[in-house]
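These notes are about the structure you will find just below.
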Amino acid sequence: MIPDHDFLALSRANEWQLEPFSFSLPNGDRAEVWDTGILCLEPANPGAKALVLSSGIHGNETAPIEICNDLLRRLLSGELQARHRTLFIFGNLAAMNLGVREIEENMNRLFSGAHSRGAGLCNRERMRAKRLEQYVARFFAGSGDDRCHYDLHTAIRGSRHEKFAVYPFLGEGREYSQEQVRFLGACGVRTFLLSEGATTTFSYFSTREFGAHGFTVELGKVRPFGENDMTRFIEARMALEALVTRDAVVLEPWHADDFLFFRIARVINKRSEAFRFLFADDVENFTEFPRGFLLAEDGELRYQVEAEREAVVFPNAKVAVGQRTMLLVVPTRLWP
């Protein structure tokens, strides 16, 4: 049994090696520890959903880690009971212990097989991403069609829209889910980025490979452990608890004006170490600039605002050469 029901503490203390084990809960449910930071809850009489809650893919994004850890602790203690099969993933434990985003490489660019392409094939993030793919595949194997993966993050910068989600590219024949948008609305997420192409993020991996409803969910701004104002996450905590413990979450009726949607117009990648932004370091996500504004330069390359309402999201000049430095997004609509 896990001491004091604190699986995260046990995982962080054994960040590179925790042998698989399982145990029964007093309510008859089963908990299976598959690896360090990987715990699967198997209810005795499971509902229809198969849920993946991942956090800590970036080690310094602490609020989602604390939210998931608190929910899991209450489930293991018997205070709550899971209704659906749920896989808890705490991603980059070594980075958590050091209070940094990553050890060697951005883990959220290493899924859908990217962990096995290019240089540095044996670094820590790549080996971990490969294992996480295997655990998600194991979890979804044999489950029904109601599969969900919420990959929970916080952003480096502040945001004009504090909580937002990236809706991965769905591919031909799949439609956006209004119910999923309403559920994330219950989590306090009212802004969505619609990705229009394949990526190597964790949520896209589950979306593409297993037909899951997958989302990269940004719940606020990066803070150190213990410094998060958890009152800002009450909606998310309550909605996630209801998702795991109830047959269905009661959702508000659909109102189009409750939500904002953006599509990703351009992805700007870093071509050289000369890359630099030409706007202030404290510019927030979803900041709009006038058409023609010079956003960045990369050697002889210049990047200007091209659309009437083009905004920047995830600007980060410190990424490795070849990786994304920012998204440029424009407003759009999904439903009337």
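In the structure tokens, chains take the letters A, B, ... in the order shown, each chain's residues start at 1, and ligands count up from 1 in the order shown.
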
Sorted by chain and rising residue number, list the residues of segment 139-224 of chain A at most 10 Å from segment 311-315 of chain A (counting only C-alpha atoms), each with its closest atom pair and distance in Å to one decimal, as a tab-separated table.
```
residue	atom	partner	partner_atom	distance
A:Ala155	CA	A:Phe314	CA	7.5
A:Ile156	CA	A:Phe314	CA	7.7
A:Arg157	CA	A:Phe314	CA	7.6
A:Gly158	CA	A:Phe314	CA	9.8
A:Ser159	CA	A:Val313	CA	8.5
A:Leu193	CA	A:Val313	CA	9.5
```

Item to check | 12 Å contact set for Phe225 of chain A, only C-alpha atoms, chain neighbours under 5 positions out, as a PyMOL selection string | outcome: chain A and resi 56+59-67+96-100+230

Item to check | Which of segment 138-311 of chain A DSSP labels strand (DSSP E), written as a ChimeraX atom specification | outcome: /A:147-155,164-167,191-194,213-221,260-269,276-277,287-289,294-298,301-304,310-311

Next on the checklist: Excluding segment 304-309 of chain A and its own-chain neighbours fewer than 3 positions away, which residues fall within 12 Å of it when counting only C-alpha atoms? Please give them as number ranges by chain.
Outcome noted: A: 262-266, 268, 277-279, 286-298, 301, 312, 327-332

Give me a file of those residues, with N, CA and C atoms, as an mmCIF file, in the first residue's frame.
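Contents of the output file again_17.cif:
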```cif
data_model
loop_
_atom_site.group_PDB
_atom_site.id
_atom_site.type_symbol
_atom_site.label_atom_id
_atom_site.label_comp_id
_atom_site.auth_asym_id
_atom_site.auth_seq_id
_atom_site.Cartn_x
_atom_site.Cartn_y
_atom_site.Cartn_z
ATOM 1 N N PHE A 262 -10.096 29.866 -31.767
ATOM 2 C CA PHE A 262 -9.055 30.376 -32.654
ATOM 3 C C PHE A 262 -8.524 29.219 -33.484
ATOM 4 N N ARG A 263 -8.139 29.512 -34.692
ATOM 5 C CA ARG A 263 -7.427 28.506 -35.479
ATOM 6 C C ARG A 263 -5.968 28.935 -35.595
ATOM 7 N N ILE A 264 -5.109 27.958 -35.697
ATOM 8 C CA ILE A 264 -3.678 28.230 -35.805
ATOM 9 C C ILE A 264 -3.361 28.571 -37.255
ATOM 10 N N ALA A 265 -3.053 29.834 -37.497
ATOM 11 C CA ALA A 265 -2.771 30.291 -38.853
ATOM 12 C C ALA A 265 -1.345 29.966 -39.277
ATOM 13 N N ARG A 266 -0.403 30.119 -38.354
ATOM 14 C CA ARG A 266 1.003 29.871 -38.693
ATOM 15 C C ARG A 266 1.738 29.316 -37.485
ATOM 16 N N ILE A 268 5.657 29.222 -36.193
ATOM 17 C CA ILE A 268 6.987 29.771 -36.454
ATOM 18 C C ILE A 268 8.019 28.932 -35.705
ATOM 19 N N PHE A 277 12.705 37.756 -30.473
ATOM 20 C CA PHE A 277 11.444 38.468 -30.580
ATOM 21 C C PHE A 277 11.701 39.970 -30.567
ATOM 22 N N LEU A 278 10.797 40.700 -31.192
ATOM 23 C CA LEU A 278 10.883 42.150 -31.213
ATOM 24 C C LEU A 278 9.731 42.772 -30.436
ATOM 25 N N PHE A 279 9.204 42.013 -29.488
ATOM 26 C CA PHE A 279 8.219 42.544 -28.547
ATOM 27 C C PHE A 279 8.670 42.225 -27.133
ATOM 28 N N PHE A 286 -2.196 35.387 -26.528
ATOM 29 C CA PHE A 286 -3.377 35.954 -27.186
ATOM 30 C C PHE A 286 -3.301 37.471 -27.353
ATOM 31 N N THR A 287 -2.111 38.040 -27.229
ATOM 32 C CA THR A 287 -1.933 39.455 -27.540
ATOM 33 C C THR A 287 -1.970 39.650 -29.051
ATOM 34 N N GLU A 288 -2.795 40.590 -29.509
ATOM 35 C CA GLU A 288 -2.884 40.917 -30.924
ATOM 36 C C GLU A 288 -1.954 42.083 -31.251
ATOM 37 N N PHE A 289 -1.395 42.049 -32.460
ATOM 38 C CA PHE A 289 -0.573 43.142 -32.965
ATOM 39 C C PHE A 289 -1.153 43.618 -34.289
ATOM 40 N N PRO A 290 -0.919 44.869 -34.662
ATOM 41 C CA PRO A 290 -1.465 45.371 -35.933
ATOM 42 C C PRO A 290 -0.794 44.716 -37.129
ATOM 43 N N ARG A 291 -1.544 44.628 -38.226
ATOM 44 C CA ARG A 291 -0.993 44.052 -39.455
ATOM 45 C C ARG A 291 0.267 44.804 -39.856
ATOM 46 N N GLY A 292 1.297 44.040 -40.214
ATOM 47 C CA GLY A 292 2.577 44.623 -40.606
ATOM 48 C C GLY A 292 3.577 44.727 -39.469
ATOM 49 N N PHE A 293 3.126 44.540 -38.210
ATOM 50 C CA PHE A 293 4.041 44.638 -37.073
ATOM 51 C C PHE A 293 5.124 43.570 -37.192
ATOM 52 N N LEU A 294 6.375 43.957 -36.963
ATOM 53 C CA LEU A 294 7.497 43.032 -37.039
ATOM 54 C C LEU A 294 7.621 42.300 -35.705
ATOM 55 N N LEU A 295 7.325 41.016 -35.731
ATOM 56 C CA LEU A 295 7.278 40.214 -34.510
ATOM 57 C C LEU A 295 8.631 39.667 -34.095
ATOM 58 N N ALA A 296 9.405 39.188 -35.067
ATOM 59 C CA ALA A 296 10.648 38.489 -34.743
ATOM 60 C C ALA A 296 11.567 38.501 -35.946
ATOM 61 N N GLU A 297 12.825 38.242 -35.656
ATOM 62 C CA GLU A 297 13.790 38.051 -36.727
ATOM 63 C C GLU A 297 14.663 36.852 -36.400
ATOM 64 N N ASP A 298 15.100 36.187 -37.451
ATOM 65 C CA ASP A 298 15.914 34.979 -37.315
ATOM 66 C C ASP A 298 16.987 35.041 -38.393
ATOM 67 N N LEU A 301 15.795 36.299 -41.825
ATOM 68 C CA LEU A 301 14.344 36.106 -41.890
ATOM 69 C C LEU A 301 13.629 37.124 -41.007
ATOM 70 N N VAL A 312 -0.413 36.226 -30.861
ATOM 71 C CA VAL A 312 0.681 35.300 -30.554
ATOM 72 C C VAL A 312 0.284 34.422 -29.372
ATOM 73 N N LEU A 327 3.044 30.325 -31.875
ATOM 74 C CA LEU A 327 1.917 30.132 -32.770
ATOM 75 C C LEU A 327 1.314 31.495 -33.070
ATOM 76 N N LEU A 328 0.834 31.652 -34.290
ATOM 77 C CA LEU A 328 0.068 32.831 -34.657
ATOM 78 C C LEU A 328 -1.347 32.368 -34.966
ATOM 79 N N VAL A 329 -2.323 32.931 -34.259
ATOM 80 C CA VAL A 329 -3.688 32.430 -34.301
ATOM 81 C C VAL A 329 -4.647 33.547 -34.706
ATOM 82 N N VAL A 330 -5.788 33.146 -35.284
ATOM 83 C CA VAL A 330 -6.817 34.099 -35.689
ATOM 84 C C VAL A 330 -8.180 33.563 -35.226
ATOM 85 N N PRO A 331 -9.146 34.448 -34.940
ATOM 86 C CA PRO A 331 -10.453 33.996 -34.469
ATOM 87 C C PRO A 331 -11.196 33.187 -35.529
ATOM 88 N N THR A 332 -12.017 32.252 -35.055
ATOM 89 C CA THR A 332 -12.852 31.465 -35.945
ATOM 90 C C THR A 332 -14.097 31.040 -35.165
#
```

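Separating atom CA of Ala198 of chain A from atom CA of Thr216 of chain A is a distance of 13.9 Å.
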
Item to check | Neighbour list for Gly188 of chain A as a count of residues only, cut-off 7 Å, only C-alpha atoms, skip fewer than 4 positions in-chain | outcome: 4

Item to check | Exercise: Ile103 of chain A partners within 8 Å, only C-alpha atoms, chain neighbours under 3 positions left out, as a PyMOL selection string | outcome: chain A and resi 94-95+100+124-125

Just write the chosen residues, N, CA and C atoms, as a PDB file, in the first residue's frame.
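Resulting contents of again_25.pdb:
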```
ATOM      1  N   ALA A  94      11.820  13.708 -12.788  1.00  0.00           N
ATOM      2  CA  ALA A  94      13.147  14.281 -12.543  1.00  0.00           C
ATOM      3  C   ALA A  94      13.112  15.799 -12.665  1.00  0.00           C
ATOM      4  N   ALA A  95      12.385  16.313 -13.664  1.00  0.00           N
ATOM      5  CA  ALA A  95      12.258  17.763 -13.825  1.00  0.00           C
ATOM      6  C   ALA A  95      11.459  18.368 -12.676  1.00  0.00           C
ATOM      7  N   VAL A 100      12.261  22.364 -12.777  1.00  0.00           N
ATOM      8  CA  VAL A 100      12.543  22.892 -14.115  1.00  0.00           C
ATOM      9  C   VAL A 100      11.552  22.311 -15.118  1.00  0.00           C
ATOM     10  N   ARG A 124      16.737  11.236 -21.329  1.00  0.00           N
ATOM     11  CA  ARG A 124      15.722  10.845 -20.351  1.00  0.00           C
ATOM     12  C   ARG A 124      14.304  11.119 -20.851  1.00  0.00           C
ATOM     13  N   GLU A 125      14.089  12.318 -21.409  1.00  0.00           N
ATOM     14  CA  GLU A 125      12.738  12.635 -21.875  1.00  0.00           C
ATOM     15  C   GLU A 125      12.293  11.693 -22.992  1.00  0.00           C
TER      16      GLU A 125
END
```

Checklist entry - So, counting only C-alpha atoms, which residue among A:Thr207, A:Asn69, A:Ser143, A:Ser195 is closest to Gly47 of chain A? => result A:Ser143

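If only C-alpha atoms are the atoms counted, then among A:Gln178, A:Ser22, A:Asn123, A:Gln81 the closest residue to Glu105 of chain A is A:Asn123.
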
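The protein and nucleic acid residues lying at most 9 Å from segment 17-19 of chain A are Leu10, Ser11, Val33, Trp34, Asp35, Thr36 and Gly37 of chain A, with only C-alpha atoms considered and sequence neighbours fewer than 5 positions away removed.
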
Restricting the output to C-alpha atoms, write the selected residues as a compact mmCIF listing (two decimals), in the first residue's frame.
```txt
# COMPACT_ATOMS: atom_id res chain seq x y z
CA LEU A 10 6.52 7.89 -3.59
CA SER A 11 7.19 8.41 -7.31
CA VAL A 33 1.14 0.83 -10.25
CA TRP A 34 2.65 0.25 -13.67
CA ASP A 35 5.77 2.37 -13.30
CA THR A 36 7.10 5.40 -11.50
CA GLY A 37 4.39 8.05 -11.73
```

Item to check | Backbone DSSP call of helix (DSSP H, G or I) for segment 15-111 of chain A, listed as JSON, numbers by chain | outcome: {"A": [62, 63, 64, 65, 66, 67, 68, 69, 70, 71, 72, 73, 74, 75, 76, 77, 93, 94, 95, 96, 97, 98, 107, 108, 109]}

Checklist outcome for this item: Atom pair atom CA of Cys187 of chain A + atom CA of Thr231 of chain A, distance 12.7 Å

Contacts between segment 241-247 of chain A and segment 82-197 of chain A, please, where a residue of segment 82-197 of chain A counts if it comes within 6 Å (with only C-alpha atoms); show its shortest atom pair and distance in Å to one decimal, rows by chain and ascending number, as a Markdown table.
```
| residue | atom | partner | partner_atom | distance |
| --- | --- | --- | --- | --- |
| A:Ala82 | CA | A:Thr245 | CA | 4.5 |
| A:Arg83 | CA | A:Thr245 | CA | 4.6 |
| A:His84 | CA | A:Val244 | CA | 5.9 |
```

For the residues selected in the previous step, produce a file with N, CA, C and O atoms as a CSV table (one decimal), in the first residue's frame.
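Contents of the output file result30.csv:
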```
chain,number,residue,atom,x,y,z
A,82,ALA,N,-13.8,5.9,-7.7
A,82,ALA,CA,-13.8,6.0,-9.1
A,82,ALA,C,-15.0,5.3,-9.7
A,82,ALA,O,-15.3,4.1,-9.3
A,83,ARG,N,-15.6,5.9,-10.7
A,83,ARG,CA,-16.7,5.2,-11.4
A,83,ARG,C,-16.1,4.6,-12.7
A,83,ARG,O,-16.7,3.6,-13.2
A,84,HIS,N,-15.1,5.3,-13.3
A,84,HIS,CA,-14.6,4.8,-14.5
A,84,HIS,C,-13.1,4.4,-14.4
A,84,HIS,O,-12.4,4.9,-13.5
```

Next on the checklist: Report as a PyMOL selection string all protein, DNA and RNA residues lying within 9 Å of Ala129 of chain A, evaluated on only C-alpha atoms, omitting residues in the same chain fewer than 2 positions from it.
Outcome noted: chain A and resi 91+107-108+110-111+113-115+124-127+131-134+202

Checklist outcome for this item: Here atom CA of Leu75 of chain A and atom CA of Ser54 of chain A stand apart by 16.0 Å

Next on the checklist: Under the rule that only C-alpha atoms are counted, which of A:Leu71, A:Leu93, A:Val52, A:Ala320 is the nearest residue to Asp6 of chain A?
Outcome noted: A:Leu71

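Between Ala137 of chain A and the residues A:Ala186, A:Leu76, A:Ala13, A:Ala212, the shortest atom-to-atom distance, using only C-alpha atoms, involves A:Ala212.
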
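The residue that comes closest to Leu219 of chain A, out of A:Leu152, A:Ile234, A:Val319, A:Val249 and on the basis of only C-alpha atoms, is A:Leu152.
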